[in-house]
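Participant: First, the structure itself, so that you have it in front of you.
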Amino acid sequence: MSTDTRPATRPAQPLTRVRPATARRRRWGNPLAGLGSLVWLVLVLVPLYTLVSSSLMRQDQALNGDPLAIPTDPTFENYRTVLDSGFSTMITNTAIVAVATVAIVLLLSIPVAYVAVRTRSRLSGLAFRTFLLGVAIPAQAVIVPLYLLISKMGLYDSLPAIILPTAAFAMPVAVLILSGTMRDVSEEMYEAMALDGASPLRMLWQLAIPMSKAGISTVAIYTALQAWNGFLFPLILTQSEENRVLTLGLFNFMSQFGVNIPAVLAAIVLSVVPIFAVYLVARKALVNGLMGVGGK
């Protein structure tokens with residue numbers, strides 16, 4: 001009689017699949033994030049709705065009525081009043097300032113960022129860090145010497161008097177964004193073009209710029225916003241009606257239509273629409289550039 005000394009094998013236990021916490025969160029979502037997004041949406045949409053609805057009201061309705069109520073008798077008379085007060089000249093001047101500022105910033109900041117990325121010398125790094133000190137200098141601190149400089153150059157009370165300082169103060173941030181974007185371009189791509197006999201200018205035009213479209217779009221939108229919303233330079237460096245821009249015009253509307261609140265709100269709506277439309281078109285490129293994805 002033989003005895004089996006081998007240990008008894010346990011029956012195989014069925015495998016239980018444990019659902020990870022991340023899968024549960026993905027399935028049920030994030031309630032706190034959803035609630036926060038809803039609160040943020042309300043905080044943004046309610047003022048916008050009040051702005052548009054009040055601009056369609058008459059003066060007595062805006063003063064005595066509920067600002068959240070839907071206008072029972074909407075009127076576009078307020079917009080007609082604003083358009084008859086030189087608004088077209090102001091928006092044209094603002095568009096000229098924005099386009100010219102963006103062109104100057106891109107024309108100068110792209111080569112500067114490329115040199116800062118591709119040059120490994122200490123002098124280049126020191127120049128790059130010195131250039132970025134402009135981020136820490138507020139415009140209010142240099143407005144007096146800037147006024148004297150613009151006056152000596154004979155540019156006072158002209159659109160270039162607004163364009164040049166605005167471009168100068170936008171360039172440090174533009175170079176910072178573009179240099180981070182161009183660093184995302186693979187070094188192997190530069191080496192491959194160098195082996196093909198490409199010059200630095202050709203590598204900039206055919207490689208760095210196409211691979212940095214997100215950063216360039218971000219710089220363009222950021223600079224356009226700075227130029228469109230600028231107030232200090234137009235206030236100090238211009239004075240005539242023909243060189244007036246939107247921000248200064250809205251400031252004057254507050255006194256010109258001081259008791260006509262719907263007209264002031266109509267002017268604000270008209271000034272916001274163009275730049276808001278540009279943002280809606282290019283918002284994806286703006287977010288990608290600010291997140292540093294660059295050419296990836």
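Naming scheme: A, B, ... for chains in displayed order of the structure tokens; residues 1 onward per chain; ligands 1 onward as shown.
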Find the nearest atom pair between each residue of range 166-229 of chain A and range 133-144 of chain A for residues within 8 Å, count only C-alpha atoms, give distances in Å to one decimal, sort rows by chain and ascending number, and present the table as JSON lines.
Facilitator:
```
{"residue": "A:Phe169", "atom": "CA", "partner": "A:Gly134", "partner_atom": "CA", "distance": 7.0}
{"residue": "A:Pro172", "atom": "CA", "partner": "A:Gly134", "partner_atom": "CA", "distance": 5.8}
{"residue": "A:Val173", "atom": "CA", "partner": "A:Val135", "partner_atom": "CA", "distance": 6.6}
```
Participant: Could you save the residues just selected, with N, CA and C atoms, as an mmCIF file, in the first residue's frame?
Facilitator:
```
data_model
loop_
_atom_site.group_PDB
_atom_site.id
_atom_site.type_symbol
_atom_site.label_atom_id
_atom_site.label_comp_id
_atom_site.auth_asym_id
_atom_site.auth_seq_id
_atom_site.Cartn_x
_atom_site.Cartn_y
_atom_site.Cartn_z
ATOM 1 N N PHE A 169 7.329 96.723 -25.788
ATOM 2 C CA PHE A 169 6.964 96.077 -24.527
ATOM 3 C C PHE A 169 6.374 94.687 -24.744
ATOM 4 N N PRO A 172 9.647 91.178 -25.305
ATOM 5 C CA PRO A 172 10.232 90.221 -24.354
ATOM 6 C C PRO A 172 9.399 88.964 -24.153
ATOM 7 N N VAL A 173 8.099 89.114 -23.994
ATOM 8 C CA VAL A 173 7.233 87.940 -23.844
ATOM 9 C C VAL A 173 7.198 87.139 -25.129
#
```
Participant: Could you list, as a list in words, every residue within 7 Å of range 82-98 of chain A, counting only C-alpha atoms and ignoring same-chain residues fewer than 6 positions away?
Facilitator: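 Counting only C-alpha atoms, the residues come to Leu159, Ile163, Ala224, Ala227, Trp228, Asn243, Arg244, Val245, Leu246, Gly249, Ala263 and Ala267 of chain A.
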Participant: Take the residues just selected and output them with all heavy atoms as a PDB file, in the first residue's frame.
Facilitator:
```pdb
ATOM      1  N   LEU A 159       0.054 107.660 -35.017  1.00  0.00           N
ATOM      2  CA  LEU A 159      -0.103 106.231 -34.747  1.00  0.00           C
ATOM      3  C   LEU A 159       1.221 105.531 -34.491  1.00  0.00           C
ATOM      4  O   LEU A 159       1.273 104.618 -33.653  1.00  0.00           O
ATOM      5  CB  LEU A 159      -0.856 105.561 -35.902  1.00  0.00           C
ATOM      6  CG  LEU A 159      -2.315 105.993 -36.089  1.00  0.00           C
ATOM      7  CD1 LEU A 159      -2.957 105.207 -37.223  1.00  0.00           C
ATOM      8  CD2 LEU A 159      -3.106 105.831 -34.805  1.00  0.00           C
ATOM      9  N   ILE A 163       2.392 102.571 -31.827  1.00  0.00           N
ATOM     10  CA  ILE A 163       2.839 101.272 -32.339  1.00  0.00           C
ATOM     11  C   ILE A 163       4.209 100.893 -31.794  1.00  0.00           C
ATOM     12  O   ILE A 163       4.407  99.766 -31.301  1.00  0.00           O
ATOM     13  CB  ILE A 163       2.861 101.303 -33.883  1.00  0.00           C
ATOM     14  CG1 ILE A 163       1.443 101.458 -34.426  1.00  0.00           C
ATOM     15  CG2 ILE A 163       3.508 100.038 -34.436  1.00  0.00           C
ATOM     16  CD1 ILE A 163       1.382 101.731 -35.910  1.00  0.00           C
ATOM     17  N   ALA A 224      -1.635  91.252 -30.427  1.00  0.00           N
ATOM     18  CA  ALA A 224      -2.834  91.945 -30.894  1.00  0.00           C
ATOM     19  C   ALA A 224      -3.718  92.373 -29.728  1.00  0.00           C
ATOM     20  O   ALA A 224      -4.274  93.483 -29.728  1.00  0.00           O
ATOM     21  CB  ALA A 224      -3.617  91.042 -31.852  1.00  0.00           C
ATOM     22  N   ALA A 227      -2.084  95.390 -28.071  1.00  0.00           N
ATOM     23  CA  ALA A 227      -2.259  96.606 -28.863  1.00  0.00           C
ATOM     24  C   ALA A 227      -3.718  97.071 -28.863  1.00  0.00           C
ATOM     25  O   ALA A 227      -3.997  98.270 -28.807  1.00  0.00           O
ATOM     26  CB  ALA A 227      -1.780  96.363 -30.299  1.00  0.00           C
ATOM     27  N   TRP A 228      -4.635  96.132 -28.932  1.00  0.00           N
ATOM     28  CA  TRP A 228      -6.059  96.484 -28.990  1.00  0.00           C
ATOM     29  C   TRP A 228      -6.540  97.090 -27.675  1.00  0.00           C
ATOM     30  O   TRP A 228      -7.374  98.012 -27.671  1.00  0.00           O
ATOM     31  CB  TRP A 228      -6.868  95.242 -29.323  1.00  0.00           C
ATOM     32  CG  TRP A 228      -8.283  95.513 -29.716  1.00  0.00           C
ATOM     33  CD1 TRP A 228      -9.368  95.656 -28.894  1.00  0.00           C
ATOM     34  CD2 TRP A 228      -8.784  95.682 -31.049  1.00  0.00           C
ATOM     35  NE1 TRP A 228     -10.502  95.896 -29.616  1.00  0.00           N
ATOM     36  CE2 TRP A 228     -10.177  95.920 -30.949  1.00  0.00           C
ATOM     37  CE3 TRP A 228      -8.191  95.656 -32.312  1.00  0.00           C
ATOM     38  CZ2 TRP A 228     -10.970  96.123 -32.056  1.00  0.00           C
ATOM     39  CZ3 TRP A 228      -8.986  95.856 -33.423  1.00  0.00           C
ATOM     40  CH2 TRP A 228     -10.356  96.085 -33.288  1.00  0.00           C
ATOM     41  N   ASN A 243      -6.380 110.586 -34.518  1.00  0.00           N
ATOM     42  CA  ASN A 243      -5.473 109.519 -34.078  1.00  0.00           C
ATOM     43  C   ASN A 243      -5.993 108.800 -32.834  1.00  0.00           C
ATOM     44  O   ASN A 243      -5.223 108.116 -32.158  1.00  0.00           O
ATOM     45  CB  ASN A 243      -4.084 110.093 -33.785  1.00  0.00           C
ATOM     46  CG  ASN A 243      -3.390 110.578 -35.033  1.00  0.00           C
ATOM     47  OD1 ASN A 243      -3.436 109.914 -36.071  1.00  0.00           O
ATOM     48  ND2 ASN A 243      -2.755 111.735 -34.963  1.00  0.00           N
ATOM     49  N   ARG A 244      -7.251 108.927 -32.563  1.00  0.00           N
ATOM     50  CA  ARG A 244      -7.831 108.324 -31.364  1.00  0.00           C
ATOM     51  C   ARG A 244      -8.134 106.859 -31.611  1.00  0.00           C
ATOM     52  O   ARG A 244      -8.622 106.468 -32.669  1.00  0.00           O
ATOM     53  CB  ARG A 244      -9.098 109.070 -30.971  1.00  0.00           C
ATOM     54  CG  ARG A 244      -9.731 108.610 -29.677  1.00  0.00           C
ATOM     55  CD  ARG A 244     -10.642 109.688 -29.151  1.00  0.00           C
ATOM     56  NE  ARG A 244      -9.895 110.868 -28.726  1.00  0.00           N
ATOM     57  CZ  ARG A 244     -10.464 112.025 -28.366  1.00  0.00           C
ATOM     58  NH1 ARG A 244     -11.779 112.134 -28.404  1.00  0.00           N
ATOM     59  NH2 ARG A 244      -9.710 113.025 -28.001  1.00  0.00           N
ATOM     60  N   VAL A 245      -7.851 106.013 -30.616  1.00  0.00           N
ATOM     61  CA  VAL A 245      -8.119 104.580 -30.698  1.00  0.00           C
ATOM     62  C   VAL A 245      -9.291 104.228 -29.793  1.00  0.00           C
ATOM     63  O   VAL A 245      -9.824 105.085 -29.073  1.00  0.00           O
ATOM     64  CB  VAL A 245      -6.863 103.764 -30.317  1.00  0.00           C
ATOM     65  CG1 VAL A 245      -5.742 103.988 -31.318  1.00  0.00           C
ATOM     66  CG2 VAL A 245      -6.392 104.108 -28.914  1.00  0.00           C
ATOM     67  N   LEU A 246      -9.685 102.953 -29.798  1.00  0.00           N
ATOM     68  CA  LEU A 246     -10.919 102.553 -29.124  1.00  0.00           C
ATOM     69  C   LEU A 246     -10.887 102.783 -27.615  1.00  0.00           C
ATOM     70  O   LEU A 246     -11.853 103.281 -27.050  1.00  0.00           O
ATOM     71  CB  LEU A 246     -11.204 101.079 -29.417  1.00  0.00           C
ATOM     72  CG  LEU A 246     -11.889 100.766 -30.743  1.00  0.00           C
ATOM     73  CD1 LEU A 246     -12.032  99.276 -30.930  1.00  0.00           C
ATOM     74  CD2 LEU A 246     -13.251 101.445 -30.802  1.00  0.00           C
ATOM     75  N   GLY A 249     -11.233 106.267 -26.890  1.00  0.00           N
ATOM     76  CA  GLY A 249     -12.571 106.692 -27.276  1.00  0.00           C
ATOM     77  C   GLY A 249     -13.624 106.269 -26.261  1.00  0.00           C
ATOM     78  O   GLY A 249     -14.539 107.044 -25.948  1.00  0.00           O
ATOM     79  N   ALA A 263     -25.701 103.771 -24.406  1.00  0.00           N
ATOM     80  CA  ALA A 263     -24.771 104.139 -25.474  1.00  0.00           C
ATOM     81  C   ALA A 263     -23.344 103.732 -25.111  1.00  0.00           C
ATOM     82  O   ALA A 263     -22.593 103.262 -25.968  1.00  0.00           O
ATOM     83  CB  ALA A 263     -24.840 105.643 -25.733  1.00  0.00           C
ATOM     84  N   ALA A 267     -21.046 100.983 -27.160  1.00  0.00           N
ATOM     85  CA  ALA A 267     -19.668 101.215 -27.606  1.00  0.00           C
ATOM     86  C   ALA A 267     -18.740 100.103 -27.127  1.00  0.00           C
ATOM     87  O   ALA A 267     -17.840  99.663 -27.864  1.00  0.00           O
ATOM     88  CB  ALA A 267     -19.180 102.567 -27.099  1.00  0.00           C
TER      89      ALA A 267
END
```
Participant: Please determine, counting only C-alpha atoms, which residue among A:Met182, A:Val99, A:Leu280, A:Ala194 has the shortest atom-to-atom distance to Val115 in chain A.
Facilitator: A:Met182
Participant: Which distance in Å separates CA of Ala220 in chain A and CA of Ala161 in chain A, to one decimal?
Facilitator: 20.0 Å
Participant: When you count only C-alpha atoms, which of these residues is closest to Ser217 in chain A: A:Ala62, A:Leu195, A:Val102, A:Leu265?
Facilitator: A:Val102
Participant: Quick one: distance from CA of Met193 in chain A to CA of Gly180 in chain A in Å, one decimal?
Facilitator: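 We find that CA of Met193 in chain A and CA of Gly180 in chain A lie 20.8 Å from each other.
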Participant: Check the smallest atom-to-atom distance from each of A:Ile221, A:Ile209, A:Ala170, A:Leu164 to Leu237 in chain A using only C-alpha atoms, then report the winner.
Facilitator: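 Once distances to Leu237 in chain A are computed over only C-alpha atoms, the minimum belongs to A:Leu164.
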Participant: Quick check, in Å to one decimal: how far apart do CA of Asp73 in chain A and CA of Met57 in chain A lie?
Facilitator: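 These atoms are spaced 7.2 Å apart.
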